[in-house]
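Everything below concerns the one structure shown next.
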Amino acid sequence: MNPDTLQALTGWVPLVLPEVILVAAACVLFLGATVKAGRDVWATAALVALAAAALAAWLGPRSEPPTQAALFASPVLIDHLALLVKVLAFVGGALLVLLSWHEVPDRQAAEYFACLLVIVAGTALVGSANELITLFLALEMISIPTYVLLYLPKHDNASQEAAMKYFLLSIFSSGLLLFGFSYLYGLTGTTNLPALVQALASAGQGGVPAVGLVALVMVVAGLGFRITAVPFHFYAPDVYQGTSTGAAALLAFVPKVAGFVALVRVLGFAPQALILEDLALSRVSPGLVLGPQVSTLFWILAAATMTLGNVLALLQDNLKRLLAYSGVAHAGYMLIGLAVAPYLSEGKAPVAGGVEAVLFYLAAYGAMTLGAFAVIAYLHTPQRPVETVDDLAGLSRDRPGVALLMAVFLLSLIGIPLTGGFAGKLLLFLGAMALRADSGADAAMLEQARLFRLLGLIGALNAAVGAWYYLRVLAAMYLRNPVRPVEGRRGWPALAAVCLCALATVALGVYPWPLLRSAQEAVPRLARERAER
Amino acid sequence: MNDLFSSLIPLSLAVPAVGAALAAALGPRRGPAVRAVALAATLVTLALVLTVAVQFASLAPNPDAPARTFDPRLATAVSLLPLGNGPGVQFFVGVDGLSVWLALLTAVLMVPAVLVSWAAITERVNEFYAWLLLLQVGMIGVFFAFDIVLFYVFFELTLVPLFFLIGIWGGSNRRHAAQKFFIYTLTGSLVTLLGVLGVVLVCYYNSPEKELTFSIPRLVQSVQERLATGTAAELGYWRTVQVYVFLALMAGFAVKVPLVPLHTWLPLAHVEAPTAGSVLLAGVLLKIGTYGFLRLCVPLAPDAALSLGVPLVGTLAVIGVIYGAFCALAQSDIKKLVAYSSVSHLGICMLGMFALNEVGLAGSLVQMVNHGLSTGGLFLLVGMLYERYHTREMADYGGMAAKLKLLGVAMVFVCLSSAGLPGLNGFWGEVFSLMGIAKATAPGLTPAAMATLTALGATGVVLGAWYLMTMLRRVFFGPLKEPPHEGHGPVGDLNGRELAALAPIGILCVLLGVYPQPFFDVASRDLKVVAGIADDARERARMIEAGNAAAAERAALAAGEEKR
C-alpha cells in the first residue's frame with residue numbers, strides 16, 4: 001500500500017478533534033451528573049466545550065484541496081463544506097444551550113447538555129464524512145441522543161407519545177437509509193463517497209441500473225424524514241408539541257442541516273474538483289449520478305412539501321405545531337435548490353447555484369426559527385404558558401422589545417426584505433428562474449426551464465400563503481390587547497439567544513455576501529469555464 | 001459639488017430612519033417629544049428632497065446619456081451582492097424626471113400626515129410615529145431606487161409599517177383590513193419578484209458580453225438594444241418573453257394601483273386606516289403602483305405594453321373609472337366615497353399612461369402628483385371633520401359651511417381641484433391623459449376604439465364632479481344639521497396646526513394649476529425616453545404587420561397561380 005494512502009487511512013484522528021472534544025466533554029458531563037446537579041455549571045461547561053471545539057476546528061488541519069489519497073481513502077475530509085457545516089453546528093449548538101438553559105430542570109441539566117453536545121458533534125461529523133459508514137454513524141450520533149433528549153424533560157402523556165413516535169419513525173428511517181446505502185455499495189463496490197460518485201458517473205454513461213433508483217428512493221426517504229419532507233413530515237407537529245421548547249428548536253434545526261448536507265454528500269451535489277472533472281468527462285451533472293430522475297424527484301418533493309406545509313400551518317393554533325409546519329414549508333423551499341442544482345452547476349450559471357442557496361437558506365432558517373423558539377422559551381413559564389397564538393396576544397404592550405424581535409423573525413419567515421429569509425428566498429427563486437430558455441437552449445433544456453419556472457411560481461404563491469399564518473401571530477402580538485399579561489422572564493440566556501438570532505437574521509438580510517461567498521467556496525466548481533454555447 | 005448633492009439622497013433615506021429609531025426609543029409616555037422628533041425628521045427630509053429636486057432641475061441634461069434609457073443623476077451606487085461578474089445587486093439611488101416629483105410629493109405629504117395625527121393619536125404615540133417614518137423611508141426609497149432588487153426591497157418595505165398603522169390605530173374593523181391589505185399586496189408582489197428575476201436573467205443570457213446587471217437603466221438599455229438588433233427569430237422569442245414579464249410585473253403593480261378587479265382591499269384599508277395612513281396610502285402608495293408600471297413594465301416589456309396595454313390595462317382602467325365613480329356616488333360614508341374616487345382617478349392615470357405617447361405619459365405623471373395632492377387633501381379634511389364629530393355618515397351632516405367656515409372653504413377648494421377645474425392642478429392631468437388616449441395608436445386598435453375609451457374616460461371626469469359636488473351639497477350646504485357631539489368639547493373651526501397641514505397642499509394645487517410648465521420641463525427628458533421606447537415598439541409592430549401583409553399577398557398570389 002502506498003504511504004500516502006496509509007497516512008490517509010490512519011491519520012484521520014486529528015481531523016475529528018473537534019468532535020472528539022465534544023464527545024469527551026459529554027462524557028465528563030454524564031459522569032459529573034452523578035456528583036453535582038445544577039444547570040448553570042453544566043450549561044457553562046457545554047458552552048466552553050463548544051468554544052473549545054470551535055477553536056480546534058479553526059486551528060486544526062484542513063484537507064483543502066484534498067490530495068488524491070485523502071480523497072479516496074480518508075474516512076473524513078475537512079473541506080470548505082465541512083467547515084461551513086461545523087460553523088452552523090457549533091453556532092446552532094451554542095444557541096440551543098442558551099435557549100434551553102433555564103428550561104431544563106437542575107437535576108437533568110448535565111444529561112441534557114451532554115446529549116446536546118453529542119448531537120452537535122454528530123452534525124459536525126456529517127459535514128466532514130467521506131464514507132457511507134462515517135456518514136451513517138454521524139447521523140446516528142444525532143438520532144440516539146435525540147431520543148434521550150425527547151424523553152428527559154417532561155413525563156406527561158404527550159411527551160411520552162412524542163418520544164415514542166420519534167423513536168420508532170427515526171429507527172425506521174435509519175433502516176431505510178441503511179438499505180439504500182447497501183444498494184449503493186452493491187452497485188459500486190465502495191463506501192468511499194468520492195469513489196462512489198465517480199463509479200456511478202462512469203456507469204451513468206450506459207445508464208444506471210434500476211437498482212440505482214431503488215437506492216435513490218431509499219436514501220431520499222431515509223433523509224427525507226430528517227428534513228421533514230412530505231410525506232415523511234407527519235411526526236413533526238406532534239413531536240414538537242409534546243416536547244420541551246429547547247428540544248423542539250433542536251428538532252427544527254439540527255436534523256434539517258444534517259439531512260440536507262447528507263443528501264448533498266451522498267448524491268454528489270457538491271463533489272470535489274477532482275471528481276467534478278470526471279463527471280464532466282462522463283457528461284453527468286453533479287447530483288444526477290443516479291440518473292436525471294433525481295431532479296424530478298426533488299421537484300415533486302419540493303412542490304408537495306411546501307404546499308402541504310403551508311396549507312396545514314394555516315389551521316394551527318398551537319405555536320409549536322405552527323412552527324413545525326412552517327419548518328416543513330421551509331424544507332420545501334430548500335428542496336427547490338436541490339431540484340435545480342444539477343442544472344446550475346456547470347460553472348457558467350450567472351447566479352448562486354442551487355446547493356449554495358440551500359446552504360445559505362439553512363443558516364437563515366436556523367437564525368429565524370431558533371429565534372422564534374427562543375422567544376417562546378424566554379416567555380414561557382409553567383404559571384403563564386406560552387403555547388398558542390392567543391397566548392402572545394398583546395405582547396407588544398407588555399414586552400415591546402421582545403415583541404419587536406419576534407416580529408423580525410416572523411417577517412423573516414414571511415420573506416420581507418432586509419431579513420435573512422428574503423435573501424434566502426431571493427437566491428432560491430433566482431436559481432429556479434435561471435435556466436436558459438431561449439434559442440440558445442435545446443428542447444430538453446427548454447422543458448426543464450419551464451418546469452423550474454413553474455416551481456418558482458409555486459414557491460412564490462406558497463410564500464404568500466405562508467404570510468397568512470405568520471401574520472396571524474404578528475397581528476396577535478401587535479393588534480390585540482393582552483388577555484393575561486405575560487409574566488415569564490426566563491433569565492438572560494434565552495434573551496441572549498433571541499438577540500443573537502435577531503442580529504443574525506438582520507445581518508444576513510442586509511449584507512448576505514459573506515455567507516454566500518463561503519457557501520460558494522463550499523461547492524467546488526470547475527476552474528476552467530466550459531465553453532459557452 | 002455634485003458629490004455633495006448626491007449624498008443628499010442617501011441622507012434623505014437615513015434621516016427618517018434615524019427619526020423612527022429615536023421616536024421609538026423615547027417611549028410611549030413622552031408624546032410631545034416624540035411628535036417634535038417626527039416633525040423635525042419630516043421637515044429635514046422635505047428640505048433635503050427639495051434641495052435634490054432644485055439641484056436636479058438646474059442640471060443640464062447629460063449629452064452622453066443613451067437616448068433609450070433612464071439617466072439617473074446625483075447617483076450613488078455601492079455593490080451589495082456581487083453576483084455574476086459585475087457589481088451585482090447594488091445600493092443604487094439617484095433621481096430622474098420620473099421620480100423627482102413623486103419623491104417630492106412624498107416628502108410634502110409627510111408633513112400634513114404628521115400634523116394631522118398630532119391630537120388624533122394618543123395611544124402608543126412613539127410606535128405610531130416610528131412606523132410612519134419607516135413608511136417614509138420605504139416610499140422615498142422606491143422612487144430613488146435604480147437597482148431593480150433595491151426597488152423591490154423598498155416596495156415591500158412599505159407593507160410592514162402600513163400594516164401596523166392600519167392594524168393598530170385604525171377603525172373598528174382594522175385587523176381584517178390590515179391583513180387583507182398585506183396579503184393582497186404581498187401575493188401580487190411575490191409574482192412581481194419572479195418577473196423581476198426573469199427579466200434580469202433573460203437580459204443576462206442574451207447580452208453579448210454576458211453581463212448580469214440589476215441596474216434599471218442598464219436593463220432597459222439592454223432590452224432596447226436586443227429589440228433593435230435582434231433577428232426575426234430572436235424578436236419572436238422576445239415577444240413571448242415580454243408577455244410573461246409584463247404580466248408578472250403587472251401582478252404586483254395592478255394590486256397596488258389598484259386596477260379593478262384587484263381593488264377590493266382598497267376601500268376597506270382606506271376606511272379603517274387612521275387619517276395619516278389614508279393620506280399616505282392614497283397620496284403615495286397607490287402611486288408606487290402606477291410608477292412601477294411607468295418605470296418597469298413599459299420600458300422592460302415595450303412590445304407587450306403596446307399589444308396588451310390598451311386592450312388589457314386600458315379596459316380595466318376604464319372599467320375602474322366608471323365603476324369607481326358609481327361606487328363613490330353610492331356611498332353614504334364620506335371616507336369611502338373618497339376611497340372609491342381614487343379607483344376612478346387612477347383609472348384615468350393608467351389610461352393616459354397606456355396611450356404610450358408623450359402627451360398621455362405627461363398627463364399620467366402629472367395625474368399621479370395631482371391625485372396625491374387632492375385626494376391627500378380630501379382625506380385630511382375628512383379626518384379633521386371626523387375628529388370633530390366622530391361620524392363620517394353624510395346623512396348626519398348638513399350646512400356645515402356655516403358652522404365651520406374655513407374647513408368648508410378648504411373642502412370646496414380641494415373638491416374643485418380633484419374634479420379637475422381649470423386653473424387648478426387636476427385639470428392638466430385629466431386633459432392630457434384623455435388627449436393622450438384620444439391620439440394613441442396601437443396595432444390592431446381602430447381610432448373608434450380609442451374614441452370610445454376616451455369618451456368613457458371623460459365620463460369619469462363628469463361623474464367625478466357629480467359625486468364630489470353631491471357630497472359638498474349634502475354635507476356643507478343646505479340647512480345646518482350638526483351631528484350630536486356631546487362629550488367631545490366645543491367644536492371649533494380649523495386651528496393653526498390644521499391650516500399648516502393644509503397650506504402646502506393648497507399652494508401646490510394652485511401652483512401646478514396655473515404654471516405647470518416647470519413640472520413638464522423637468523420630467524420631459526425621461527418622458528421622452530419612455531415615449532421613444534413605445535414608438536420603437538410601434539415601429540416594430542408596423543413592420544411585422546407589413547411583413548404579414550406581404551406574406552399574405554404572396555400566399556394569395558401563389559394560390560391564384562395554382563388555380564390558373
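Ordering of the C-alpha cells sets the chain letters (A, B, ...); residue numbers start at 1 within each chain; ligands are numbered from 1 in the order shown.
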
Using only C-alpha atoms, which residues sit within 9 Å of A:Leu177 once same-chain residues fewer than 5 positions away are excluded, as a list in words? Phe136, Phe172, Ser182, Ala215, Met218, Val219, Val220, Ala221, Gly222 and Leu223 of chain A

Restricting the output to C-alpha atoms, write the selected residues as an mmCIF file, in the first residue's frame.
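For reference, out.cif as written:
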data_model
loop_
_atom_site.group_PDB
_atom_site.id
_atom_site.type_symbol
_atom_site.label_atom_id
_atom_site.label_comp_id
_atom_site.auth_asym_id
_atom_site.auth_seq_id
_atom_site.Cartn_x
_atom_site.Cartn_y
_atom_site.Cartn_z
ATOM 1 C CA PHE A 136 -24.352 6.770 8.863
ATOM 2 C CA PHE A 172 -37.443 3.099 10.581
ATOM 3 C CA SER A 182 -26.254 -1.110 0.965
ATOM 4 C CA ALA A 215 -31.130 3.216 -3.718
ATOM 5 C CA MET A 218 -34.456 4.701 -0.086
ATOM 6 C CA VAL A 219 -31.798 7.338 0.611
ATOM 7 C CA VAL A 220 -34.206 10.188 -0.052
ATOM 8 C CA ALA A 221 -36.875 8.561 2.098
ATOM 9 C CA GLY A 222 -34.444 7.983 4.953
ATOM 10 C CA LEU A 223 -33.095 11.510 4.843
#

Neighbours of chain B in chain A at 8 Å, counting only C-alpha atoms, as a compact mmCIF listing (two decimals) with C-alpha atoms, in the first residue's frame:
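Once everything was written out, this is selection.txt:
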# COMPACT_ATOMS: atom_id res chain seq x y z
CA PRO A 350 -24.95 33.63 -13.50
CA VAL A 351 -26.28 33.18 -10.02
CA ALA A 352 -25.57 31.32 -6.84
CA ILE A 416 -39.83 40.53 3.86
CA PRO A 417 -36.69 42.33 2.62
CA LEU A 418 -33.79 43.21 4.90
CA PHE A 429 -36.03 31.81 -6.73
CA LEU A 430 -33.12 33.16 -8.79
CA MET A 433 -35.62 31.12 -12.85
CA ALA A 434 -32.03 30.77 -14.01
CA ARG A 436 -31.72 29.27 -20.08
CA ASP A 438 -34.17 30.95 -25.39
CA SER A 439 -32.87 29.90 -28.75
CA GLY A 456 -40.66 29.10 -8.75
CA LEU A 457 -44.24 30.27 -9.20
CA ALA A 460 -43.91 32.39 -4.68
CA LEU A 461 -47.58 31.59 -4.19
CA ALA A 463 -44.74 32.26 0.32
CA ALA A 464 -47.91 34.33 0.06
CA ALA A 467 -47.55 35.02 5.10
CA TRP A 468 -51.10 34.48 6.30
CA LEU A 471 -49.24 37.42 10.07
CA ALA A 475 -51.39 40.51 14.48
CA TYR A 478 -49.43 43.92 17.91
CA LEU A 479 -53.08 44.37 17.11
CA TYR A 511 -25.40 42.03 3.82
CA PRO A 512 -25.72 38.41 2.67
CA TRP A 513 -22.48 38.39 0.69

Please provide the set of residues having any atom within 12 Å of A:Ala43, restricted to only C-alpha atoms, with same-chain residues fewer than 4 positions apart removed, written as an MDAnalysis selection string. chainID A and resid 25:26 29 37:39 47:50 93:106 108:117 493

Figure out the distance between atom CA of B:Leu472 and atom CA of B:Tyr515, please, to one decimal in Å. 27.3 Å

Hey, what's within 8 Å of A:Arg62 if we count only C-alpha atoms and toss same-chain stuff fewer than 6 positions away? As a PyMOL selection string, please? chain A and resi 15+77-79

Near B:Asp396, within 12 Å and counting only C-alpha atoms, which residues show up once chain neighbours fewer than 4 positions away are dropped, as a PyMOL selection string? chain B and resi 332-334+385-386+389-392+400+474-476+480-485

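Atom CA of B:Ser58 to atom CA of B:Asn425 spans 23.2 Å [interatomic distance, one decimal].
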
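Using only C-alpha atoms, the nearest neighbour of B:Gly320 within the list B:Val298, B:Leu456, B:Leu249, B:Leu512 is B:Leu456.
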
Which residues of stretch 84-173 of chain A come within 8 Å of stretch 245-269 of chain A, and what is each one's closest atom pair and distance in Å (one decimal), counting only C-alpha atoms, sorted by chain and residue number, as JSON lines?
{"residue": "A:Val85", "atom": "CA", "partner": "A:Val257", "partner_atom": "CA", "distance": 7.8}
{"residue": "A:Ala89", "atom": "CA", "partner": "A:Val254", "partner_atom": "CA", "distance": 7.5}
{"residue": "A:Gly92", "atom": "CA", "partner": "A:Val254", "partner_atom": "CA", "distance": 7.8}
{"residue": "A:Leu96", "atom": "CA", "partner": "A:Gly246", "partner_atom": "CA", "distance": 6.6}
{"residue": "A:Leu99", "atom": "CA", "partner": "A:Gly246", "partner_atom": "CA", "distance": 6.2}
{"residue": "A:Ser100", "atom": "CA", "partner": "A:Gly246", "partner_atom": "CA", "distance": 4.9}
{"residue": "A:Glu103", "atom": "CA", "partner": "A:Gly246", "partner_atom": "CA", "distance": 7.5}
{"residue": "A:Val120", "atom": "CA", "partner": "A:Val254", "partner_atom": "CA", "distance": 8.0}
{"residue": "A:Thr123", "atom": "CA", "partner": "A:Ala258", "partner_atom": "CA", "distance": 5.7}
{"residue": "A:Val126", "atom": "CA", "partner": "A:Ala258", "partner_atom": "CA", "distance": 6.2}
{"residue": "A:Gly127", "atom": "CA", "partner": "A:Val261", "partner_atom": "CA", "distance": 6.4}
{"residue": "A:Leu132", "atom": "CA", "partner": "A:Val266", "partner_atom": "CA", "distance": 7.7}
{"residue": "A:Leu135", "atom": "CA", "partner": "A:Ala262", "partner_atom": "CA", "distance": 7.4}
{"residue": "A:Leu139", "atom": "CA", "partner": "A:Ala258", "partner_atom": "CA", "distance": 7.2}
{"residue": "A:Ile142", "atom": "CA", "partner": "A:Pro255", "partner_atom": "CA", "distance": 7.7}
{"residue": "A:Leu149", "atom": "CA", "partner": "A:Ala247", "partner_atom": "CA", "distance": 6.7}
{"residue": "A:Leu150", "atom": "CA", "partner": "A:Ala247", "partner_atom": "CA", "distance": 6.4}

Write out as a short mmCIF file (atom, residue, chain, number, x, y, z; two decimals) with C-alpha atoms, in the first residue's frame which residues come within 7 Å of stretch 293-305 of chain A when counting only C-alpha atoms, dropping same-chain ones fewer than 6 positions away.
data_model
loop_
_atom_site.label_atom_id
_atom_site.label_comp_id
_atom_site.auth_asym_id
_atom_site.auth_seq_id
_atom_site.Cartn_x
_atom_site.Cartn_y
_atom_site.Cartn_z
CA ALA A 229 -40.10 16.41 3.52
CA VAL A 230 -43.67 15.42 2.70
CA VAL A 328 -41.96 21.66 6.69
CA ALA A 329 -42.76 24.53 4.32
CA GLY A 332 -39.91 22.62 0.68
CA TYR A 333 -38.35 25.93 -0.36
CA LEU A 335 -35.73 21.43 -1.89
CA ILE A 336 -36.19 23.83 -4.83
CA LEU A 338 -31.65 20.74 -4.76
CA ALA A 339 -34.00 20.27 -7.70
CA VAL A 340 -32.34 22.98 -9.78
CA LEU A 455 -41.76 25.52 -9.41
CA ILE A 458 -45.49 27.57 -6.84
#
